[in-house]
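Here is the file structure-v7.cif (mmCIF, C-alpha atoms).
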```cif
data_work
#
loop_
_atom_site.label_atom_id
_atom_site.label_comp_id
_atom_site.auth_asym_id
_atom_site.auth_seq_id
_atom_site.Cartn_x
_atom_site.Cartn_y
_atom_site.Cartn_z
CA MET Q 29 -29.33 -15.80 23.50
CA GLY Q 30 -29.87 -17.98 20.45
CA LYS Q 31 -31.15 -15.21 18.23
CA TYR Q 32 -28.07 -13.00 18.45
CA PRO Q 33 -25.51 -15.52 17.11
CA SER Q 34 -27.90 -16.59 14.34
CA ARG Q 35 -28.47 -13.00 13.25
CA LEU Q 36 -24.73 -12.36 13.31
CA ALA Q 37 -24.13 -15.46 11.19
CA ALA Q 38 -26.74 -14.29 8.67
CA ALA Q 39 -25.15 -10.84 8.52
CA ALA Q 40 -21.72 -12.44 8.04
CA GLU Q 41 -22.99 -14.36 5.01
CA ARG Q 42 -24.13 -11.10 3.41
CA TYR Q 43 -21.12 -9.06 4.53
CA PRO Q 44 -17.91 -11.13 4.67
CA ALA Q 45 -16.15 -8.41 6.66
CA LEU Q 46 -18.28 -9.38 9.68
CA ARG Q 47 -17.26 -13.05 9.70
CA PRO Q 48 -14.73 -12.76 12.55
CA PHE Q 49 -17.33 -11.14 14.85
CA GLN Q 50 -19.16 -14.46 15.07
CA SER Q 51 -16.54 -15.33 17.70
CA ARG Q 52 -17.18 -13.90 21.17
CA ASN Q 53 -13.43 -13.97 21.84
CA PHE Q 54 -12.76 -11.83 18.78
CA ARG Q 55 -15.50 -9.35 19.73
CA THR Q 56 -14.03 -8.97 23.23
CA TYR Q 57 -10.52 -8.55 21.85
CA TYR Q 58 -11.63 -6.01 19.24
CA VAL Q 59 -13.29 -3.66 21.73
CA GLY Q 60 -10.34 -3.76 24.12
CA GLN Q 61 -7.82 -3.34 21.32
CA PHE Q 62 -9.67 -0.34 19.85
CA ILE Q 63 -9.54 1.49 23.18
CA ALA Q 64 -5.89 0.57 23.76
CA VAL Q 65 -4.68 1.63 20.30
CA LEU Q 66 -6.58 4.92 20.54
CA GLY Q 67 -4.72 5.62 23.77
CA ASN Q 68 -1.41 4.66 22.13
CA TRP Q 69 -1.99 7.24 19.41
CA LEU Q 70 -2.65 9.94 21.99
CA GLN Q 71 0.64 9.08 23.68
CA ASN Q 72 2.68 8.80 20.46
CA ILE Q 73 1.56 12.19 19.14
CA ALA Q 74 2.04 13.82 22.54
CA MET Q 75 5.54 12.33 22.87
CA SER Q 76 6.69 13.56 19.45
CA TRP Q 77 5.20 17.01 20.05
CA LEU Q 78 6.78 17.21 23.50
CA VAL Q 79 10.22 16.21 22.16
CA TYR Q 80 10.04 18.86 19.46
CA ARG Q 81 8.75 21.49 21.92
CA LEU Q 82 11.57 20.80 24.35
CA SER Q 83 14.39 20.40 21.82
CA GLY Q 84 13.34 22.03 18.53
CA SER Q 85 15.40 19.31 16.82
CA ALA Q 86 14.43 17.06 13.93
CA LEU Q 87 17.34 14.80 14.93
CA ALA Q 88 15.85 14.36 18.43
CA LEU Q 89 12.58 13.31 16.80
CA GLY Q 90 14.42 10.73 14.72
CA VAL Q 91 16.32 9.38 17.73
CA THR Q 92 13.09 9.10 19.76
CA ALA Q 93 11.33 7.21 16.97
CA PHE Q 94 14.42 5.02 16.57
CA ALA Q 95 14.44 4.17 20.29
CA GLN Q 96 10.76 3.21 20.20
CA GLN Q 97 11.02 1.00 17.14
CA VAL Q 98 14.50 -0.55 17.15
CA PRO Q 99 13.67 -3.25 19.77
CA THR Q 100 11.34 -4.81 17.22
CA LEU Q 101 14.24 -5.19 14.79
CA VAL Q 102 16.42 -6.88 17.41
CA LEU Q 103 13.92 -8.90 19.46
CA ALA Q 104 11.14 -9.93 17.06
CA PRO Q 105 12.79 -13.17 15.81
CA PHE Q 106 13.29 -14.40 19.38
CA VAL Q 107 9.72 -13.43 20.27
CA GLY Q 108 8.52 -15.56 17.36
CA VAL Q 109 10.14 -18.63 18.87
CA LEU Q 110 8.62 -17.75 22.25
CA ALA Q 111 5.17 -17.24 20.70
CA ASP Q 112 5.29 -20.71 19.15
CA ARG Q 113 6.35 -22.30 22.45
CA THR Q 114 4.20 -20.58 25.08
CA ASN Q 115 0.68 -19.47 26.01
CA ARG Q 116 0.17 -16.40 23.82
CA ARG Q 117 -2.72 -15.00 25.85
CA ARG Q 118 -0.67 -15.03 29.06
CA LEU Q 119 2.27 -13.37 27.29
CA LEU Q 120 -0.02 -10.61 25.98
CA ILE Q 121 -1.37 -9.89 29.46
CA ILE Q 122 2.20 -9.46 30.73
CA THR Q 123 3.25 -7.16 27.89
CA GLN Q 124 0.19 -4.89 28.21
CA SER Q 125 0.70 -4.64 31.98
CA LEU Q 126 4.26 -3.43 31.34
CA GLY Q 127 2.87 -0.93 28.83
CA LEU Q 128 0.55 0.37 31.53
CA ALA Q 129 3.54 0.85 33.85
CA GLN Q 130 5.34 2.90 31.16
CA ALA Q 131 2.29 5.10 30.61
CA LEU Q 132 2.05 5.79 34.35
CA ALA Q 133 5.76 6.68 34.51
CA ILE Q 134 5.63 9.26 31.71
CA THR Q 135 2.40 10.70 33.10
CA LEU Q 136 3.99 11.22 36.52
CA LEU Q 137 7.14 12.83 35.09
CA THR Q 138 5.11 15.20 32.91
CA PHE Q 139 2.66 16.33 35.58
CA THR Q 140 5.47 16.93 38.11
CA GLY Q 141 7.40 19.02 35.58
CA HIS Q 142 10.52 16.83 35.63
CA ILE Q 143 10.21 15.49 32.08
CA GLU Q 144 13.27 15.91 29.83
CA VAL Q 145 14.12 14.73 26.35
CA TRP Q 146 16.34 11.92 27.63
CA HIS Q 147 13.48 10.68 29.79
CA ILE Q 148 11.26 10.44 26.72
CA ILE Q 149 13.95 8.57 24.78
CA VAL Q 150 14.40 6.03 27.61
CA LEU Q 151 10.63 5.59 27.99
CA SER Q 152 10.33 5.23 24.21
CA LEU Q 153 12.87 2.40 24.39
CA TRP Q 154 10.79 0.84 27.21
CA ILE Q 155 7.56 0.85 25.23
CA GLY Q 156 9.50 -0.28 22.17
CA ILE Q 157 10.62 -3.42 24.02
CA VAL Q 158 7.03 -4.02 25.14
CA ASN Q 159 5.77 -3.65 21.55
CA ALA Q 160 8.51 -5.96 20.25
CA PHE Q 161 7.00 -8.73 22.38
CA GLU Q 162 3.36 -7.72 21.91
CA THR Q 163 3.05 -7.21 18.15
CA PRO Q 164 4.24 -10.61 16.80
CA THR Q 165 2.47 -12.44 19.62
CA ARG Q 166 -0.80 -10.61 18.98
CA GLN Q 167 -0.71 -11.27 15.25
CA ALA Q 168 0.01 -14.97 15.79
CA PHE Q 169 -2.75 -15.08 18.45
CA LEU Q 170 -5.36 -13.74 16.00
CA LEU Q 171 -6.15 -17.17 14.54
CA GLU Q 172 -6.92 -18.52 18.04
CA LEU Q 173 -9.71 -15.94 18.38
CA LEU Q 174 -11.62 -17.11 15.29
CA LEU Q 175 -14.15 -19.87 14.70
CA GLU Q 176 -12.72 -20.76 11.27
CA ARG Q 177 -9.41 -20.35 9.48
CA ARG Q 178 -11.13 -18.86 6.41
CA HIS Q 179 -12.05 -15.82 8.52
CA LEU Q 180 -8.37 -14.91 8.99
CA PRO Q 181 -7.97 -12.50 6.01
CA ASN Q 182 -11.12 -10.66 7.13
CA ALA Q 183 -9.78 -10.51 10.69
CA ILE Q 184 -6.44 -9.10 9.49
CA ALA Q 185 -8.28 -6.45 7.47
CA LEU Q 186 -10.50 -5.61 10.47
CA GLN Q 187 -7.38 -5.32 12.62
CA SER Q 188 -5.95 -2.91 10.06
CA PHE Q 189 -9.29 -1.04 10.00
CA LEU Q 190 -9.06 -0.66 13.77
CA MET Q 191 -5.50 0.62 13.59
CA ASN Q 192 -6.34 3.16 10.94
CA THR Q 193 -9.61 4.34 12.41
CA THR Q 194 -7.65 5.19 15.53
CA ARG Q 195 -4.93 6.68 13.30
CA MET Q 196 -7.55 9.12 12.01
CA VAL Q 197 -9.30 9.83 15.31
CA GLY Q 198 -6.34 9.61 17.69
CA PRO Q 199 -4.02 12.28 16.22
CA SER Q 200 -6.89 14.72 15.70
CA LEU Q 201 -8.04 14.18 19.30
CA ALA Q 202 -4.43 14.46 20.48
CA GLY Q 203 -4.05 17.79 18.65
CA VAL Q 204 -7.09 19.19 20.47
CA LEU Q 205 -5.98 17.82 23.85
CA LEU Q 206 -2.44 19.14 23.39
CA ALA Q 207 -3.74 22.63 22.63
CA TRP Q 208 -6.30 22.52 25.45
CA ALA Q 209 -4.68 20.60 28.31
CA GLY Q 210 -1.10 19.65 27.40
CA GLU Q 211 0.83 16.42 26.97
CA GLY Q 212 0.23 15.05 30.47
CA VAL Q 213 -3.48 14.55 29.87
CA CYS Q 214 -2.76 12.49 26.74
CA PHE Q 215 -0.38 10.27 28.71
CA ALA Q 216 -2.89 9.82 31.54
CA ILE Q 217 -5.68 8.82 29.15
CA ASN Q 218 -3.38 6.26 27.54
CA ALA Q 219 -2.74 4.70 30.96
CA VAL Q 220 -6.48 4.29 31.46
CA CYS Q 221 -6.83 2.78 27.98
CA TYR Q 222 -4.26 0.10 28.79
CA VAL Q 223 -6.58 -1.19 31.50
CA ALA Q 224 -9.19 -2.01 28.81
CA ILE Q 225 -6.96 -4.36 26.82
CA VAL Q 226 -5.60 -6.09 29.93
CA ALA Q 227 -9.20 -6.73 31.02
CA ALA Q 228 -10.15 -7.94 27.52
CA TYR Q 229 -7.37 -10.55 27.47
CA ARG Q 230 -8.44 -11.77 30.91
CA PHE Q 231 -12.01 -12.32 29.65
CA ILE Q 232 -10.91 -14.14 26.47
CA ARG Q 233 -10.99 -17.93 26.62
CA PRO Q 234 -9.38 -19.36 23.46
CA PRO Q 235 -9.54 -23.11 22.78
CA PRO Q 236 -6.53 -25.09 24.00
CA ARG Q 237 -3.62 -24.91 21.58
CA GLN Q 238 -1.35 -27.89 21.08
CA ILE Q 239 2.17 -26.53 21.49
CA ALA Q 240 4.54 -28.56 19.37
CA GLN Q 241 7.36 -30.28 21.26
CA ASP Q 242 9.85 -30.83 18.45
CA GLY Q 243 12.90 -31.14 20.69
CA GLN Q 244 14.66 -28.25 18.94
CA SER Q 245 16.83 -25.85 20.90
CA TRP Q 246 15.96 -22.14 20.79
CA ARG Q 247 18.83 -21.55 18.37
CA ASP Q 248 17.76 -24.37 16.04
CA SER Q 249 14.14 -23.21 16.17
CA LEU Q 250 15.20 -19.65 15.34
CA VAL Q 251 17.39 -20.76 12.43
CA ASP Q 252 14.60 -23.04 11.17
CA GLY Q 253 12.17 -20.09 11.20
CA PHE Q 254 14.53 -17.89 9.17
CA ARG Q 255 15.15 -20.74 6.74
CA TYR Q 256 11.39 -21.14 6.28
CA ALA Q 257 10.94 -17.38 5.78
CA PHE Q 258 13.80 -16.67 3.41
CA GLY Q 259 14.54 -20.06 1.87
CA ASP Q 260 11.28 -20.00 -0.09
CA PRO Q 261 11.31 -17.47 -2.99
CA VAL Q 262 7.63 -16.57 -2.53
CA ASN Q 263 8.07 -15.76 1.15
CA ARG Q 264 11.42 -14.09 0.64
CA ARG Q 265 10.36 -11.63 -2.05
CA LEU Q 266 7.17 -10.67 -0.23
CA ILE Q 267 8.91 -10.14 3.13
CA LEU Q 268 11.71 -8.07 1.57
CA PHE Q 269 9.14 -5.96 -0.30
CA LEU Q 270 7.15 -5.27 2.87
CA GLY Q 271 10.37 -4.46 4.74
CA GLY Q 272 11.27 -1.94 2.07
CA MET Q 273 7.80 -0.39 2.35
CA GLY Q 274 8.31 0.03 6.09
CA PHE Q 275 11.79 1.56 5.72
CA LEU Q 276 10.98 4.02 2.94
CA SER Q 277 7.58 5.16 4.25
CA SER Q 278 8.61 5.61 7.91
CA PRO Q 279 9.94 9.22 7.94
CA TRP Q 280 6.49 10.67 7.25
CA GLN Q 281 5.54 10.12 10.90
CA SER Q 282 8.73 11.21 12.65
CA LEU Q 283 9.12 14.32 10.47
CA MET Q 284 5.45 15.33 10.50
CA PRO Q 285 5.88 17.77 13.45
CA VAL Q 286 8.55 19.58 11.40
CA VAL Q 287 6.29 19.65 8.32
CA ALA Q 288 3.31 20.88 10.35
CA LYS Q 289 5.22 23.68 12.04
CA GLU Q 290 7.83 24.81 9.53
CA VAL Q 291 6.45 23.89 6.11
CA MET Q 292 2.72 24.36 6.80
CA ASP Q 293 3.24 27.12 9.43
CA GLY Q 294 0.78 25.32 11.74
CA ASP Q 295 0.50 23.97 15.29
CA SER Q 296 -0.42 20.73 17.06
CA ARG Q 297 -3.88 20.75 15.46
CA THR Q 298 -2.25 20.89 12.02
CA LEU Q 299 -0.14 17.87 13.01
CA GLY Q 300 -3.24 15.96 14.09
CA TRP Q 301 -5.06 16.86 10.86
CA LEU Q 302 -2.21 15.69 8.61
CA ILE Q 303 -1.78 12.35 10.36
CA GLY Q 304 -5.56 11.96 10.54
CA SER Q 305 -5.71 12.36 6.75
CA ILE Q 306 -3.50 9.29 6.38
CA GLY Q 307 -5.85 7.42 8.69
CA ALA Q 308 -8.86 8.44 6.59
CA GLY Q 309 -7.34 6.97 3.44
CA ALA Q 310 -6.24 3.87 5.30
CA ILE Q 311 -9.79 3.27 6.51
CA PHE Q 312 -11.07 3.08 2.92
CA ALA Q 313 -8.32 0.57 2.15
CA THR Q 314 -9.17 -1.70 5.06
CA VAL Q 315 -12.92 -1.56 4.45
CA TYR Q 316 -12.31 -2.66 0.89
CA LEU Q 317 -10.00 -5.52 1.90
CA ALA Q 318 -12.26 -6.65 4.76
CA SER Q 319 -15.23 -6.91 2.38
CA ARG Q 320 -13.45 -9.37 0.08
CA ARG Q 321 -14.61 -12.99 0.27
CA THR Q 322 -11.24 -14.53 -0.55
CA VAL Q 323 -7.56 -13.65 -0.91
CA ARG Q 324 -7.66 -14.58 -4.61
CA GLY Q 325 -6.45 -11.65 -6.73
CA ILE Q 326 -5.18 -9.70 -3.74
CA GLU Q 327 -1.62 -9.92 -5.02
CA GLY Q 328 -2.50 -7.75 -8.04
CA ILE Q 329 -4.15 -5.18 -5.79
CA MET Q 330 -0.97 -5.06 -3.71
CA VAL Q 331 1.14 -4.05 -6.73
CA VAL Q 332 -1.25 -1.30 -7.86
CA THR Q 333 -1.60 0.21 -4.40
CA ALA Q 334 2.18 0.24 -3.94
CA PHE Q 335 2.42 2.60 -6.90
CA VAL Q 336 -0.46 4.68 -5.52
CA ALA Q 337 1.44 5.05 -2.23
CA ALA Q 338 4.66 6.04 -3.98
CA ALA Q 339 3.07 8.57 -6.35
CA SER Q 340 1.06 10.29 -3.62
CA PHE Q 341 4.07 10.39 -1.28
CA ILE Q 342 6.07 12.11 -4.01
CA GLY Q 343 3.27 14.65 -4.49
CA PHE Q 344 3.06 15.33 -0.75
CA SER Q 345 6.81 15.88 -0.49
CA PHE Q 346 6.47 18.86 -2.87
CA THR Q 347 3.35 20.35 -1.24
CA THR Q 348 3.36 23.38 1.08
CA HIS Q 349 -0.40 23.88 1.61
CA ILE Q 350 -2.57 21.88 3.97
CA ALA Q 351 -5.51 21.19 1.62
CA PRO Q 352 -3.59 19.39 -1.17
CA ALA Q 353 -1.30 17.85 1.43
CA SER Q 354 -4.30 16.29 3.21
CA LEU Q 355 -5.67 14.85 -0.04
CA LEU Q 356 -2.30 13.39 -1.03
CA LEU Q 357 -1.76 11.96 2.45
CA ALA Q 358 -5.18 10.29 2.29
CA LEU Q 359 -4.13 8.62 -0.99
CA PHE Q 360 -0.80 7.70 0.57
CA GLY Q 361 -2.57 6.13 3.56
CA PHE Q 362 -4.85 4.19 1.24
CA GLY Q 363 -1.97 2.87 -0.87
CA LEU Q 364 0.38 2.07 2.00
CA ILE Q 365 -2.12 0.25 4.21
CA ALA Q 366 -3.75 -1.62 1.31
CA THR Q 367 -0.31 -2.85 0.22
CA VAL Q 368 0.86 -3.88 3.67
CA SER Q 369 -2.47 -5.45 4.73
CA ALA Q 370 -2.68 -7.40 1.48
CA GLY Q 371 0.89 -8.65 1.92
CA ASN Q 372 0.21 -9.64 5.53
CA SER Q 373 -2.96 -11.50 4.51
CA ILE Q 374 -1.07 -13.42 1.82
CA LEU Q 375 1.74 -14.31 4.20
CA GLN Q 376 -0.53 -15.53 6.99
CA THR Q 377 -2.68 -17.49 4.54
CA ILE Q 378 0.18 -19.51 3.08
CA VAL Q 379 2.18 -20.08 6.29
CA ASP Q 380 2.19 -23.49 8.02
CA ASP Q 381 0.71 -23.31 11.53
CA ALA Q 382 3.84 -24.77 13.14
CA TYR Q 383 5.78 -21.73 11.90
CA ARG Q 384 3.08 -19.08 12.46
CA GLY Q 385 4.70 -17.27 15.39
CA ARG Q 386 8.13 -17.27 13.76
CA ILE Q 387 6.98 -16.17 10.30
CA VAL Q 388 4.88 -13.37 11.80
CA SER Q 389 7.88 -12.26 13.86
CA VAL Q 390 10.07 -12.16 10.75
CA TYR Q 391 7.41 -10.08 8.98
CA VAL Q 392 7.21 -7.73 11.97
CA MET Q 393 11.00 -7.54 12.14
CA THR Q 394 11.35 -6.60 8.47
CA PHE Q 395 8.34 -4.24 8.25
CA LEU Q 396 8.12 -2.59 11.67
CA GLY Q 397 11.77 -3.27 12.47
CA SER Q 398 12.95 -1.41 9.38
CA MET Q 399 11.08 1.71 10.49
CA PRO Q 400 13.56 2.79 13.21
CA LEU Q 401 16.35 2.65 10.64
CA GLY Q 402 14.25 4.77 8.27
CA ASN Q 403 13.34 7.19 11.04
CA LEU Q 404 16.95 7.53 12.21
CA LEU Q 405 18.22 8.06 8.67
CA GLY Q 406 15.33 10.45 8.02
CA GLY Q 407 16.19 12.47 11.13
CA ILE Q 408 19.87 12.65 10.13
CA CYS Q 409 18.99 13.69 6.58
CA ALA Q 410 16.44 16.28 7.76
CA HIS Q 411 19.07 17.74 10.10
CA ALA Q 412 21.52 18.01 7.19
CA ILE Q 413 19.36 18.90 4.16
CA GLY Q 414 15.94 19.75 5.61
CA ALA Q 415 12.67 17.84 5.93
CA PRO Q 416 11.31 18.53 2.40
CA TRP Q 417 14.40 17.17 0.63
CA THR Q 418 14.42 14.17 2.94
CA LEU Q 419 10.82 13.39 2.02
CA HIS Q 420 11.71 13.73 -1.70
CA LEU Q 421 14.50 11.20 -1.26
CA PHE Q 422 12.39 8.59 0.53
CA ALA Q 423 9.37 9.08 -1.73
CA PHE Q 424 11.33 8.38 -4.91
CA GLY Q 425 12.90 5.41 -3.15
CA LEU Q 426 9.39 4.05 -2.57
CA LEU Q 427 8.66 4.38 -6.29
CA THR Q 428 11.86 2.47 -7.11
CA LEU Q 429 10.85 -0.31 -4.71
CA ALA Q 430 7.43 -0.69 -6.36
CA ALA Q 431 9.11 -0.90 -9.77
CA TRP Q 432 11.51 -3.60 -8.45
CA PHE Q 433 8.64 -5.73 -7.21
CA LEU Q 434 6.73 -5.32 -10.47
CA ALA Q 435 9.79 -6.43 -12.46
CA GLY Q 436 9.74 -9.87 -10.83
CA TYR Q 437 5.99 -10.09 -10.36
CA ARG Q 438 5.11 -12.84 -12.86
CA PRO Q 439 7.36 -15.64 -11.54
CA TRP Q 440 6.53 -14.63 -7.96
CA ARG Q 441 2.79 -14.77 -8.70
CA ALA Q 442 3.17 -18.21 -10.32
CA GLY Q 443 4.80 -19.52 -7.14
CA LEU Q 444 2.10 -17.90 -5.01
CA ARG Q 445 -0.66 -19.55 -7.03
CA GLU Q 446 0.92 -22.94 -6.39
CA ARG Q 447 0.70 -22.23 -2.66
CA PHE Q 448 -2.90 -21.05 -3.01
CA THR Q 449 -3.76 -24.20 -4.97
CA ALA Q 450 -2.29 -26.37 -2.22
CA ARG Q 451 -4.47 -24.52 0.29
CA GLY Q 452 -7.58 -24.96 -1.88
CA ILE Q 453 -7.94 -21.22 -2.47
CA VAL Q 454 -7.64 -21.37 -6.25
CA ARG Q 455 -8.68 -24.18 -8.58
CA SER Q 456 -6.04 -26.54 -9.88
CA PRO Q 457 -5.72 -26.75 -13.69
CA ALA Q 458 -4.95 -30.46 -13.37
CA THR Q 459 -7.91 -31.42 -11.26
CA GLY Q 460 -10.49 -28.91 -12.43
CA PRO Q 461 -12.67 -26.77 -10.17
CA HIS Q 462 -12.00 -27.13 -6.48
CA PRO Q 463 -15.13 -27.44 -4.36
CA ALA Q 464 -13.81 -24.97 -1.80
CA VAL Q 465 -12.48 -22.16 -3.95
CA ASP Q 466 -14.23 -19.46 -1.96
CA GLN Q 467 -14.83 -21.33 1.27
CA PRO Q 468 -11.88 -23.39 2.48
CA PRO Q 469 -12.79 -26.25 4.84
CA ARG Q 470 -13.51 -25.59 8.48
CA ASP Q 471 -10.76 -26.23 11.00
CA ARG Q 472 -11.15 -29.52 12.81
#
```
Mind turning this structure into structure tokens?
Amino acid sequence: MGKYPSRLAAAAERYPALRPFQSRNFRTYYVGQFIAVLGNWLQNIAMSWLVYRLSGSALALGVTAFAQQVPTLVLAPFVGVLADRTNRRRLLIITQSLGLAQALAITLLTFTGHIEVWHIIVLSLWIGIVNAFETPTRQAFLLELLLERRHLPNAIALQSFLMNTTRMVGPSLAGVLLAWAGEGVCFAINAVCYVAIVAAYRFIRPPPRQIAQDGQSWRDSLVDGFRYAFGDPVNRRLILFLGGMGFLSSPWQSLMPVVAKEVMDGDSRTLGWLIGSIGAGAIFATVYLASRRTVRGIEGIMVVTAFVAAASFIGFSFTTHIAPASLLLALFGFGLIATVSAGNSILQTIVDDAYRGRIVSVYVMTFLGSMPLGNLLGGICAHAIGAPWTLHLFAFGLLTLAAWFLAGYRPWRAGLRERFTARGIVRSPATGPHPAVDQPPRDR
């Protein structure tokens, strides 16, 4: 029993990406989360394909994506207050149990032949509400799974690696299952996968967390969280930038069935291959970020990869053949996920612990919450002018956003370095080298 942790610690010293796995809680969480997210991808692809098969409408795809994602925009700030005031593990068990119930409902409707488009939209809203509670809570809970705070950027990158590995495997597997057995099998497998993450949370035993009793009302706590997020220029610019990335990149997913069938003249396997290509590029991004020893310099990477995402998205929007489209989507996945993961790492590194749940919820609201608006607008535009022109419009918008962030980069970076200096992540010019530049002190 003693040899395994010591070997893992030695491996973590050589490979910083492995640092979070020194925690048994994190290992348990990671396995359960991998299975659950893989099942979610099977369901998401099957739902979009089923909507398009039943309706043949790009607008219906946009409305379905909007229904699944809009609860995050509305509820995330309130969930942030809840996550700072309650037992996060218990809340996650409740949300995943409700997700299991949704998966069972759509499975039953599909296998009995009663499924209709309006059913899918209602069930998308259901799972959207579940995700609105789960996502900010899970991200705030991540620190409780780790042995040391300095492992947090690696854990965020590993979380992103997990999401994007399943993004590559899940859609491809869904494409095969859809062609072979139909949508109902995908929904049933997702229901089974939910059991894994519920079990994982039940086995996790995080250390007791001191929940602050500041005497604030829910309204005051909510306002205080927004003031902390947007009153500081470093936080504000980063959160707005990430929100813009979410809004302008979102139509690629909701419109991909249209691209696969009408532009590429393909089927469900083509859809799985295209989305899997994004996952492949995203995996390279997360491996690179997870292998970094510190967040120093990550802000520069974020700017470069934003331009990579924009340029490759523009190229994809003009492509009609699957081979170049796959290559460009892989570059797009690399740029998008590297940018967003780097921004998330920066945000969670500089945030005060008392505001962690609320600042994560604001990030989720602006990034994930902007996606339903992008998907809805993308569906409306695709219905009016076609999917290719819609993708052109959003892709050039992404390039404009990257240019906007670059224009104000220097003063923003100066403010960020002050925050890093206060955290002991970069050395202070006034005091000379900091003894913990690469290894911030252990949590007490």
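Of the residues listed (Q:Ser277, Q:Ser200, Q:Thr367, Q:Thr165), Q:Ser277 shows the shortest atom-to-atom separation from Q:Ser398; distances use all atoms listed in the file.
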**OP:** Measuring atom to atom with only C-alpha atoms, identify which of Q:Phe54, Q:Thr100, Q:Leu444, Q:Glu176 is nearest to Q:Arg264.
**Re:** Q:Leu444
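Atom to atom, atom CA of Q:Leu317 and atom CA of Q:Ala382 stand 26.2 Å apart.
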Subject >> Reference answer for the PyMOL selection byres ((chain Q and resi 247-262) around 12), as a PyMOL selection string >> reply: chain Q and resi 103-113+240-246+263-269+327+371+374-376+378-391+393-394+433+436-448
Could you pull the residues within 12 Å of Q:Ile157, counting only C-alpha atoms, minus those fewer than 4 positions along the same chain, as a PDB file with C-alpha atoms, in the coordinates of the input?
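Everything below was put into selection_1.pdb:
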```pdb
ATOM      1  CA  PHE Q  94      14.420   5.020  16.570  1.00  0.00           C
ATOM      2  CA  ALA Q  95      14.440   4.170  20.290  1.00  0.00           C
ATOM      3  CA  GLN Q  96      10.760   3.210  20.200  1.00  0.00           C
ATOM      4  CA  GLN Q  97      11.020   1.000  17.140  1.00  0.00           C
ATOM      5  CA  VAL Q  98      14.500  -0.550  17.150  1.00  0.00           C
ATOM      6  CA  PRO Q  99      13.670  -3.250  19.770  1.00  0.00           C
ATOM      7  CA  THR Q 100      11.340  -4.810  17.220  1.00  0.00           C
ATOM      8  CA  LEU Q 101      14.240  -5.190  14.790  1.00  0.00           C
ATOM      9  CA  VAL Q 102      16.420  -6.880  17.410  1.00  0.00           C
ATOM     10  CA  LEU Q 103      13.920  -8.900  19.460  1.00  0.00           C
ATOM     11  CA  ALA Q 104      11.140  -9.930  17.060  1.00  0.00           C
ATOM     12  CA  VAL Q 107       9.720 -13.430  20.270  1.00  0.00           C
ATOM     13  CA  THR Q 123       3.250  -7.160  27.890  1.00  0.00           C
ATOM     14  CA  GLN Q 124       0.190  -4.890  28.210  1.00  0.00           C
ATOM     15  CA  LEU Q 126       4.260  -3.430  31.340  1.00  0.00           C
ATOM     16  CA  GLY Q 127       2.870  -0.930  28.830  1.00  0.00           C
ATOM     17  CA  GLN Q 130       5.340   2.900  31.160  1.00  0.00           C
ATOM     18  CA  VAL Q 150      14.400   6.030  27.610  1.00  0.00           C
ATOM     19  CA  LEU Q 151      10.630   5.590  27.990  1.00  0.00           C
ATOM     20  CA  SER Q 152      10.330   5.230  24.210  1.00  0.00           C
ATOM     21  CA  LEU Q 153      12.870   2.400  24.390  1.00  0.00           C
ATOM     22  CA  PHE Q 161       7.000  -8.730  22.380  1.00  0.00           C
ATOM     23  CA  GLU Q 162       3.360  -7.720  21.910  1.00  0.00           C
ATOM     24  CA  THR Q 163       3.050  -7.210  18.150  1.00  0.00           C
ATOM     25  CA  GLY Q 397      11.770  -3.270  12.470  1.00  0.00           C
TER      26      GLY Q 397
END
```
Original post:
Near Q:Ala185, within 12 Å and counting only C-alpha atoms, which residues show up once chain neighbours fewer than 5 positions away are dropped, as a ChimeraX atom specification?
Top reply: /Q:44-48,167,170,179-180,190-193,310-323,365-374,376
**OP:** Would you kindly translate the PyMOL selection byres ((chain Q and resi 212) around 6) into the concrete residues it picks from this file, as a ChimeraX atom specification?
**Re:** /Q:135,138-139,210-211,213-215
Subject >> Nearby residues (all atoms listed in the file) at most 8 Å from Q:Ala358, same-chain spacing under 5 positions excluded, as a ChimeraX atom specification >> reply: /Q:305-310
Dump as JSON lines the rows for residues of stretch 113-217 of chain Q within 8 Å of stretch 65-69 of chain Q: closest atom pair and distance in Å with one decimal, all atoms listed in the file counted, ordered by chain and rising residue number.
```
{"residue": "Q:Met191", "atom": "CA", "partner": "Q:Val65", "partner_atom": "CA", "distance": 6.8}
{"residue": "Q:Thr194", "atom": "CA", "partner": "Q:Leu66", "partner_atom": "CA", "distance": 5.1}
{"residue": "Q:Arg195", "atom": "CA", "partner": "Q:Trp69", "partner_atom": "CA", "distance": 6.8}
{"residue": "Q:Val197", "atom": "CA", "partner": "Q:Leu66", "partner_atom": "CA", "distance": 7.7}
{"residue": "Q:Gly198", "atom": "CA", "partner": "Q:Trp69", "partner_atom": "CA", "distance": 5.2}
{"residue": "Q:Pro199", "atom": "CA", "partner": "Q:Trp69", "partner_atom": "CA", "distance": 6.3}
{"residue": "Q:Ala202", "atom": "CA", "partner": "Q:Trp69", "partner_atom": "CA", "distance": 7.7}
{"residue": "Q:Cys214", "atom": "CA", "partner": "Q:Gly67", "partner_atom": "CA", "distance": 7.7}
{"residue": "Q:Ile217", "atom": "CA", "partner": "Q:Gly67", "partner_atom": "CA", "distance": 6.3}
```
Using C-alpha atoms, can you write the selected residues to a file as an mmCIF file, in the coordinates of the input?
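To be explicit, this is the file written out as again-v6.cif:
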```cif
data_model
loop_
_atom_site.group_PDB
_atom_site.id
_atom_site.type_symbol
_atom_site.label_atom_id
_atom_site.label_comp_id
_atom_site.auth_asym_id
_atom_site.auth_seq_id
_atom_site.Cartn_x
_atom_site.Cartn_y
_atom_site.Cartn_z
ATOM 1 C CA MET Q 191 -5.500 0.620 13.590
ATOM 2 C CA THR Q 194 -7.650 5.190 15.530
ATOM 3 C CA ARG Q 195 -4.930 6.680 13.300
ATOM 4 C CA VAL Q 197 -9.300 9.830 15.310
ATOM 5 C CA GLY Q 198 -6.340 9.610 17.690
ATOM 6 C CA PRO Q 199 -4.020 12.280 16.220
ATOM 7 C CA ALA Q 202 -4.430 14.460 20.480
ATOM 8 C CA CYS Q 214 -2.760 12.490 26.740
ATOM 9 C CA ILE Q 217 -5.680 8.820 29.150
#
```
